[in-house]
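Listing of structure.txt; format and content: compact mmCIF, N, CA and C atoms.
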```txt
# COMPACT_ATOMS: atom_id res chain seq x y z
N ALA X 96 5.29 7.00 2.89
CA ALA X 96 4.17 7.71 3.49
C ALA X 96 3.60 8.68 2.47
N LEU X 97 2.31 8.72 2.39
CA LEU X 97 1.61 9.56 1.44
C LEU X 97 1.51 10.98 1.98
N GLY X 98 2.06 11.93 1.26
CA GLY X 98 2.01 13.32 1.68
C GLY X 98 2.71 13.57 3.01
N GLY X 99 3.70 12.74 3.34
CA GLY X 99 4.43 12.91 4.59
C GLY X 99 3.71 12.37 5.81
N ASN X 100 2.59 11.68 5.60
CA ASN X 100 1.82 11.11 6.71
C ASN X 100 2.02 9.61 6.77
N ASP X 101 1.87 9.05 7.97
CA ASP X 101 1.95 7.61 8.14
C ASP X 101 0.66 6.92 7.72
N ALA X 102 -0.41 7.67 7.60
CA ALA X 102 -1.71 7.10 7.28
C ALA X 102 -2.38 7.96 6.22
N ALA X 103 -3.32 7.37 5.54
CA ALA X 103 -4.10 8.11 4.56
C ALA X 103 -5.50 7.53 4.53
N SER X 104 -6.42 8.31 4.07
CA SER X 104 -7.80 7.89 3.93
C SER X 104 -8.24 8.30 2.53
N MET X 105 -9.10 7.51 1.93
CA MET X 105 -9.65 7.87 0.62
C MET X 105 -11.13 8.19 0.81
N SER X 106 -11.56 9.25 0.21
CA SER X 106 -12.94 9.66 0.33
C SER X 106 -13.52 9.97 -1.04
N GLY X 107 -14.79 9.86 -1.10
CA GLY X 107 -15.53 10.27 -2.29
C GLY X 107 -16.30 11.51 -1.91
N GLY X 108 -17.44 11.64 -2.47
CA GLY X 108 -18.25 12.77 -2.06
C GLY X 108 -18.95 13.41 -3.24
N GLY X 109 -19.63 14.42 -2.94
CA GLY X 109 -20.36 15.14 -3.96
C GLY X 109 -20.31 16.61 -3.64
N GLY X 110 -20.91 17.36 -4.45
CA GLY X 110 -20.91 18.78 -4.21
C GLY X 110 -21.83 19.49 -5.18
N PHE X 111 -21.95 20.74 -4.99
CA PHE X 111 -22.77 21.58 -5.86
C PHE X 111 -21.86 22.60 -6.52
N LEU X 112 -22.24 23.03 -7.69
CA LEU X 112 -21.49 24.07 -8.38
C LEU X 112 -22.44 24.92 -9.18
N VAL X 113 -21.94 26.05 -9.57
CA VAL X 113 -22.72 26.95 -10.40
C VAL X 113 -22.28 26.75 -11.84
N ASN X 114 -23.22 26.45 -12.70
CA ASN X 114 -22.92 26.30 -14.11
C ASN X 114 -22.40 27.65 -14.64
N PRO X 115 -21.22 27.65 -15.23
CA PRO X 115 -20.67 28.93 -15.70
C PRO X 115 -21.51 29.57 -16.81
N ASN X 116 -22.39 28.80 -17.43
CA ASN X 116 -23.24 29.34 -18.49
C ASN X 116 -24.63 29.72 -17.99
N SER X 117 -24.83 29.65 -16.68
CA SER X 117 -26.14 29.96 -16.12
C SER X 117 -26.49 31.42 -16.31
N GLU X 118 -27.76 31.65 -16.64
CA GLU X 118 -28.25 33.03 -16.72
C GLU X 118 -28.51 33.59 -15.32
N ASN X 119 -28.55 32.70 -14.33
CA ASN X 119 -28.85 33.10 -12.96
C ASN X 119 -27.71 32.74 -12.02
N ALA X 120 -26.49 32.93 -12.47
CA ALA X 120 -25.32 32.52 -11.69
C ALA X 120 -25.27 33.21 -10.33
N GLU X 121 -25.59 34.47 -10.26
CA GLU X 121 -25.54 35.19 -8.98
C GLU X 121 -26.58 34.64 -8.01
N MET X 122 -27.77 34.36 -8.51
CA MET X 122 -28.82 33.79 -7.66
C MET X 122 -28.42 32.39 -7.19
N ALA X 123 -27.83 31.61 -8.09
CA ALA X 123 -27.37 30.27 -7.72
C ALA X 123 -26.28 30.35 -6.65
N TRP X 124 -25.38 31.31 -6.79
CA TRP X 124 -24.32 31.49 -5.80
C TRP X 124 -24.91 31.86 -4.44
N GLU X 125 -25.90 32.73 -4.43
CA GLU X 125 -26.55 33.10 -3.17
C GLU X 125 -27.22 31.88 -2.53
N LEU X 126 -27.82 31.02 -3.34
CA LEU X 126 -28.43 29.80 -2.81
C LEU X 126 -27.36 28.90 -2.19
N LEU X 127 -26.24 28.73 -2.87
CA LEU X 127 -25.16 27.91 -2.33
C LEU X 127 -24.62 28.49 -1.02
N LYS X 128 -24.48 29.80 -0.96
CA LYS X 128 -24.02 30.43 0.28
C LYS X 128 -25.01 30.15 1.41
N PHE X 129 -26.30 30.27 1.13
CA PHE X 129 -27.32 29.99 2.14
C PHE X 129 -27.28 28.52 2.57
N MET X 130 -27.22 27.61 1.60
CA MET X 130 -27.22 26.17 1.91
C MET X 130 -26.03 25.77 2.77
N ASN X 131 -24.91 26.46 2.62
CA ASN X 131 -23.69 26.11 3.33
C ASN X 131 -23.40 27.02 4.52
N SER X 132 -24.35 27.87 4.87
CA SER X 132 -24.15 28.75 6.02
C SER X 132 -24.16 27.91 7.30
N LYS X 133 -23.56 28.45 8.34
CA LYS X 133 -23.51 27.73 9.62
C LYS X 133 -24.92 27.40 10.10
N GLU X 134 -25.83 28.35 10.00
CA GLU X 134 -27.20 28.13 10.46
C GLU X 134 -27.88 27.01 9.68
N SER X 135 -27.77 27.03 8.35
CA SER X 135 -28.42 26.00 7.54
C SER X 135 -27.84 24.62 7.78
N VAL X 136 -26.52 24.54 7.87
CA VAL X 136 -25.87 23.24 8.08
C VAL X 136 -26.21 22.69 9.46
N THR X 137 -26.22 23.55 10.47
CA THR X 137 -26.58 23.10 11.82
C THR X 137 -28.01 22.60 11.85
N GLN X 138 -28.91 23.35 11.24
CA GLN X 138 -30.31 22.95 11.22
C GLN X 138 -30.48 21.66 10.41
N GLY X 139 -29.75 21.52 9.33
CA GLY X 139 -29.83 20.30 8.51
C GLY X 139 -29.36 19.07 9.25
N ALA X 140 -28.38 19.24 10.13
CA ALA X 140 -27.89 18.10 10.91
C ALA X 140 -28.92 17.67 11.94
N GLY X 141 -29.70 18.61 12.43
CA GLY X 141 -30.72 18.27 13.43
C GLY X 141 -30.10 17.65 14.67
N ASP X 142 -30.73 16.60 15.17
CA ASP X 142 -30.26 15.92 16.37
C ASP X 142 -29.38 14.72 16.05
N THR X 143 -29.08 14.52 14.78
CA THR X 143 -28.28 13.36 14.37
C THR X 143 -26.84 13.79 14.16
N PRO X 144 -25.93 13.25 14.97
CA PRO X 144 -24.53 13.62 14.74
C PRO X 144 -24.06 13.13 13.38
N LYS X 145 -23.45 14.00 12.63
CA LYS X 145 -22.86 13.63 11.35
C LYS X 145 -21.78 14.64 11.02
N ILE X 146 -20.83 14.21 10.23
CA ILE X 146 -19.77 15.11 9.81
C ILE X 146 -20.33 16.00 8.71
N THR X 147 -20.17 17.28 8.88
CA THR X 147 -20.67 18.23 7.89
C THR X 147 -19.49 18.86 7.15
N GLN X 148 -19.80 19.71 6.22
CA GLN X 148 -18.78 20.40 5.45
C GLN X 148 -18.19 21.59 6.21
N ARG X 149 -18.69 21.85 7.42
CA ARG X 149 -18.24 23.01 8.18
C ARG X 149 -17.56 22.59 9.47
N GLU X 150 -16.31 23.00 9.64
CA GLU X 150 -15.57 22.67 10.86
C GLU X 150 -16.20 23.30 12.09
N ASP X 151 -16.74 24.51 11.95
CA ASP X 151 -17.35 25.16 13.12
C ASP X 151 -18.60 24.42 13.58
N VAL X 152 -19.36 23.86 12.66
CA VAL X 152 -20.54 23.07 13.03
C VAL X 152 -20.09 21.74 13.63
N ASN X 153 -19.10 21.11 13.02
CA ASN X 153 -18.60 19.84 13.55
C ASN X 153 -18.13 20.01 14.99
N ALA X 154 -17.45 21.11 15.28
CA ALA X 154 -16.95 21.34 16.64
C ALA X 154 -18.08 21.39 17.65
N GLU X 155 -19.26 21.81 17.23
CA GLU X 155 -20.40 21.91 18.13
C GLU X 155 -21.20 20.62 18.25
N ILE X 156 -21.31 19.85 17.18
CA ILE X 156 -22.25 18.72 17.20
C ILE X 156 -21.60 17.35 17.36
N LEU X 157 -20.30 17.24 17.22
CA LEU X 157 -19.69 15.91 17.23
C LEU X 157 -19.21 15.45 18.61
N ASP X 158 -19.33 16.28 19.63
CA ASP X 158 -18.89 15.88 20.96
C ASP X 158 -19.65 14.66 21.48
N VAL X 159 -20.85 14.43 20.99
CA VAL X 159 -21.65 13.29 21.47
C VAL X 159 -21.29 11.98 20.78
N ASP X 160 -20.45 12.05 19.75
CA ASP X 160 -20.08 10.83 19.02
C ASP X 160 -18.56 10.78 18.85
N PRO X 161 -17.87 10.05 19.75
CA PRO X 161 -16.41 10.02 19.71
C PRO X 161 -15.83 9.51 18.38
N MET X 162 -16.50 8.54 17.75
CA MET X 162 -15.98 8.01 16.48
C MET X 162 -16.03 9.07 15.39
N LEU X 163 -17.17 9.74 15.25
CA LEU X 163 -17.27 10.79 14.22
C LEU X 163 -16.32 11.94 14.52
N LYS X 164 -16.16 12.26 15.80
CA LYS X 164 -15.22 13.33 16.17
C LYS X 164 -13.80 12.94 15.77
N TYR X 165 -13.43 11.69 16.02
CA TYR X 165 -12.10 11.20 15.63
C TYR X 165 -11.92 11.29 14.11
N ILE X 166 -12.93 10.86 13.37
CA ILE X 166 -12.83 10.91 11.90
C ILE X 166 -12.68 12.35 11.44
N ALA X 167 -13.49 13.25 11.99
CA ALA X 167 -13.44 14.65 11.57
C ALA X 167 -12.11 15.30 11.90
N GLU X 168 -11.56 14.97 13.07
CA GLU X 168 -10.35 15.66 13.52
C GLU X 168 -9.05 14.99 13.09
N ASP X 169 -9.07 13.65 12.96
CA ASP X 169 -7.81 12.93 12.71
C ASP X 169 -7.73 12.23 11.35
N VAL X 170 -8.88 11.85 10.80
CA VAL X 170 -8.86 11.14 9.52
C VAL X 170 -9.02 12.10 8.34
N LEU X 171 -9.98 12.99 8.42
CA LEU X 171 -10.21 13.90 7.29
C LEU X 171 -8.99 14.75 6.93
N PRO X 172 -8.18 15.19 7.90
CA PRO X 172 -7.00 15.96 7.51
C PRO X 172 -6.00 15.19 6.64
N VAL X 173 -6.05 13.86 6.66
CA VAL X 173 -5.13 13.08 5.81
C VAL X 173 -5.89 12.38 4.68
N THR X 174 -7.07 12.88 4.37
CA THR X 174 -7.89 12.28 3.33
C THR X 174 -7.49 12.79 1.96
N HIS X 175 -7.44 11.88 1.03
CA HIS X 175 -7.23 12.20 -0.37
C HIS X 175 -8.52 11.83 -1.09
N TYR X 176 -8.89 12.61 -2.07
CA TYR X 176 -10.17 12.40 -2.73
C TYR X 176 -9.99 11.68 -4.05
N ARG X 177 -10.97 10.85 -4.35
CA ARG X 177 -10.95 10.11 -5.60
C ARG X 177 -10.94 11.10 -6.76
N PRO X 178 -10.13 10.82 -7.76
CA PRO X 178 -10.06 11.76 -8.88
C PRO X 178 -11.36 11.75 -9.70
N GLY X 179 -11.70 12.90 -10.21
CA GLY X 179 -12.90 13.03 -11.02
C GLY X 179 -12.63 12.69 -12.47
N LEU X 180 -12.16 11.50 -12.72
CA LEU X 180 -11.82 11.06 -14.08
C LEU X 180 -12.83 10.03 -14.56
N ALA X 181 -13.08 10.02 -15.85
CA ALA X 181 -14.04 9.07 -16.42
C ALA X 181 -13.64 7.63 -16.17
N GLN X 182 -12.34 7.36 -16.09
CA GLN X 182 -11.87 5.99 -15.90
C GLN X 182 -11.93 5.53 -14.45
N TYR X 183 -12.17 6.45 -13.52
CA TYR X 183 -12.06 6.07 -12.12
C TYR X 183 -12.98 4.92 -11.71
N PRO X 184 -14.22 4.85 -12.17
CA PRO X 184 -15.05 3.70 -11.78
C PRO X 184 -14.40 2.36 -12.16
N GLN X 185 -13.75 2.29 -13.31
CA GLN X 185 -13.07 1.06 -13.71
C GLN X 185 -11.87 0.79 -12.80
N VAL X 186 -11.14 1.84 -12.44
CA VAL X 186 -10.01 1.69 -11.53
C VAL X 186 -10.50 1.19 -10.17
N SER X 187 -11.62 1.73 -9.72
CA SER X 187 -12.18 1.32 -8.44
C SER X 187 -12.55 -0.17 -8.45
N VAL X 188 -13.15 -0.63 -9.53
CA VAL X 188 -13.49 -2.06 -9.65
C VAL X 188 -12.22 -2.90 -9.63
N ALA X 189 -11.20 -2.48 -10.35
CA ALA X 189 -9.94 -3.23 -10.38
C ALA X 189 -9.33 -3.29 -8.98
N MET X 190 -9.43 -2.20 -8.23
CA MET X 190 -8.90 -2.17 -6.86
C MET X 190 -9.68 -3.14 -5.97
N GLN X 191 -10.99 -3.17 -6.13
CA GLN X 191 -11.81 -4.10 -5.35
C GLN X 191 -11.49 -5.54 -5.71
N GLU X 192 -11.29 -5.81 -6.99
CA GLU X 192 -10.95 -7.17 -7.41
C GLU X 192 -9.59 -7.59 -6.86
N ALA X 193 -8.63 -6.68 -6.82
CA ALA X 193 -7.31 -7.01 -6.26
C ALA X 193 -7.43 -7.30 -4.77
N SER X 194 -8.22 -6.51 -4.07
CA SER X 194 -8.43 -6.74 -2.63
C SER X 194 -9.09 -8.09 -2.40
N GLU X 195 -10.10 -8.39 -3.19
CA GLU X 195 -10.79 -9.68 -3.07
C GLU X 195 -9.83 -10.84 -3.35
N ALA X 196 -8.98 -10.67 -4.34
CA ALA X 196 -8.03 -11.73 -4.69
C ALA X 196 -7.12 -12.05 -3.50
N VAL X 197 -6.63 -11.02 -2.83
CA VAL X 197 -5.75 -11.25 -1.68
C VAL X 197 -6.51 -11.94 -0.55
N VAL X 198 -7.72 -11.48 -0.29
CA VAL X 198 -8.52 -12.05 0.80
C VAL X 198 -8.87 -13.51 0.52
N THR X 199 -8.99 -13.87 -0.75
CA THR X 199 -9.38 -15.25 -1.09
C THR X 199 -8.19 -16.13 -1.43
N GLY X 200 -6.97 -15.66 -1.13
CA GLY X 200 -5.82 -16.55 -1.23
C GLY X 200 -4.77 -16.24 -2.27
N THR X 201 -5.00 -15.28 -3.14
CA THR X 201 -3.97 -14.90 -4.11
C THR X 201 -2.87 -14.15 -3.37
N SER X 202 -1.63 -14.38 -3.74
CA SER X 202 -0.54 -13.66 -3.08
C SER X 202 -0.65 -12.17 -3.37
N ALA X 203 -0.16 -11.37 -2.44
CA ALA X 203 -0.20 -9.92 -2.62
C ALA X 203 0.58 -9.51 -3.86
N ASP X 204 1.71 -10.16 -4.12
CA ASP X 204 2.51 -9.83 -5.31
C ASP X 204 1.74 -10.11 -6.59
N ASP X 205 1.06 -11.27 -6.65
CA ASP X 205 0.28 -11.60 -7.85
C ASP X 205 -0.91 -10.66 -8.02
N ALA X 206 -1.59 -10.35 -6.92
CA ALA X 206 -2.73 -9.43 -7.00
C ALA X 206 -2.27 -8.05 -7.44
N ALA X 207 -1.12 -7.60 -6.93
CA ALA X 207 -0.58 -6.29 -7.32
C ALA X 207 -0.21 -6.27 -8.80
N ALA X 208 0.37 -7.36 -9.29
CA ALA X 208 0.74 -7.43 -10.71
C ALA X 208 -0.51 -7.41 -11.58
N ASP X 209 -1.55 -8.15 -11.18
CA ASP X 209 -2.81 -8.14 -11.93
C ASP X 209 -3.45 -6.75 -11.90
N TYR X 210 -3.38 -6.10 -10.75
CA TYR X 210 -3.94 -4.76 -10.61
C TYR X 210 -3.19 -3.78 -11.51
N GLN X 211 -1.87 -3.88 -11.54
CA GLN X 211 -1.09 -3.00 -12.41
C GLN X 211 -1.45 -3.23 -13.87
N SER X 212 -1.60 -4.48 -14.27
CA SER X 212 -2.00 -4.78 -15.66
C SER X 212 -3.36 -4.18 -15.97
N ALA X 213 -4.29 -4.31 -15.03
CA ALA X 213 -5.62 -3.74 -15.23
C ALA X 213 -5.53 -2.22 -15.38
N LEU X 214 -4.74 -1.58 -14.52
CA LEU X 214 -4.58 -0.13 -14.62
C LEU X 214 -4.00 0.28 -15.97
N GLU X 215 -3.01 -0.46 -16.43
CA GLU X 215 -2.40 -0.14 -17.72
C GLU X 215 -3.42 -0.25 -18.85
N ARG X 216 -4.31 -1.24 -18.77
CA ARG X 216 -5.37 -1.37 -19.78
C ARG X 216 -6.36 -0.21 -19.70
N ILE X 217 -6.67 0.21 -18.48
CA ILE X 217 -7.69 1.23 -18.28
C ILE X 217 -7.19 2.63 -18.62
N VAL X 218 -6.02 3.01 -18.09
CA VAL X 218 -5.55 4.39 -18.25
C VAL X 218 -4.32 4.52 -19.13
N GLY X 219 -3.75 3.40 -19.55
CA GLY X 219 -2.55 3.43 -20.37
C GLY X 219 -1.31 3.26 -19.52
N ASP X 220 -0.35 2.50 -20.03
CA ASP X 220 0.83 2.19 -19.22
C ASP X 220 1.69 3.41 -18.92
N ASP X 221 1.56 4.46 -19.73
CA ASP X 221 2.33 5.68 -19.46
C ASP X 221 1.80 6.44 -18.25
N ALA X 222 0.59 6.12 -17.80
CA ALA X 222 0.00 6.80 -16.65
C ALA X 222 0.12 6.00 -15.36
N VAL X 223 0.80 4.85 -15.42
CA VAL X 223 0.91 3.97 -14.26
C VAL X 223 2.36 3.91 -13.80
N ASN X 224 2.56 4.16 -12.52
CA ASN X 224 3.89 4.07 -11.92
C ASN X 224 4.10 2.63 -11.49
N GLY X 225 5.11 1.99 -12.01
CA GLY X 225 5.35 0.58 -11.69
C GLY X 225 6.06 0.36 -10.38
N GLY X 226 6.34 1.44 -9.63
CA GLY X 226 7.12 1.42 -8.42
C GLY X 226 6.70 0.44 -7.42
```

Represent the structure of the file as structure tokens.
Amino acid sequence: ALGGNDAASMSGGGGFLVNPNSENAEMAWELLKFMNSKESVTQGAGDTPKITQREDVNAEILDVDPMLKYIAEDVLPVTHYRPGLAQYPQVSVAMQEASEAVVTGTSADDAAADYQSALERIVGDDAVNGG
């Protein structure tokens, strides 16, 4: 079990940050605070239920969509995020290829071995757990 859980979810995402070399870092920070305030996020969601970055907003707007409420309350707490590494897009492709191989008839053991070989080529064998 990953992190002591029976289930896990993988997520991507995006975000905003303040450039540490910005001449207007304080102003940029104030903008980020405004953009992520409860009022701004609620208004941005409008009448369309969606999972937001704020739990307090989610608690108010997701009652009309049981699936999104389930994801917000039960899936996101066990979500792990894709690493921000330059090699990750290649790892993602290798993962997709391994999944496709299994779906199209390759044995899981063979697909896993091919995936491990691909990972070793991409990130180096010292960074891959053969477990």

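Counting only C-alpha atoms, segment 206-216 of chain X has the following residues at most 10 Å away, ignoring those fewer than 5 positions along the same chain: Gln182, Gln185, Val186, Ser187, Val188, Ala189, Met190, Gln191, Glu192, Ala193, Ser194, Glu195, Ala196, Val197, Gly200, Thr201, Asp221, Ala222, Val223, Asn224 and Gly225 of chain X.
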
_Nearby residues (only N, CA and C atoms) at most 7 Å from segment 160-166 of chain X, same-chain spacing under 5 positions excluded, as a list in words_ = Pro144, Lys145, Ile146, Leu171 and Pro172 of chain X

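What separates atom CA of Val113 of chain X from atom CA of Thr137 of chain X is a distance of 22.9 Å.
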
_Every residue of segment 98-226 of chain X that DSSP places in strand (DSSP E or B), as a list in words_ = Asn100, Ser104, Met105, Ser106, Thr174, His175 and Tyr176 of chain X

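For the choices X:Ala123, X:Ala103, X:Val152, X:Ala203, the atom-to-atom distance to Ser135 of chain X is smallest for X:Val152 when using only C-alpha atoms.
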
*asked:* as a count of residues only, please: every residue in segment 100-153 of chain X that a backbone DSSP assignment puts in alpha helix (DSSP H).
replied: 23
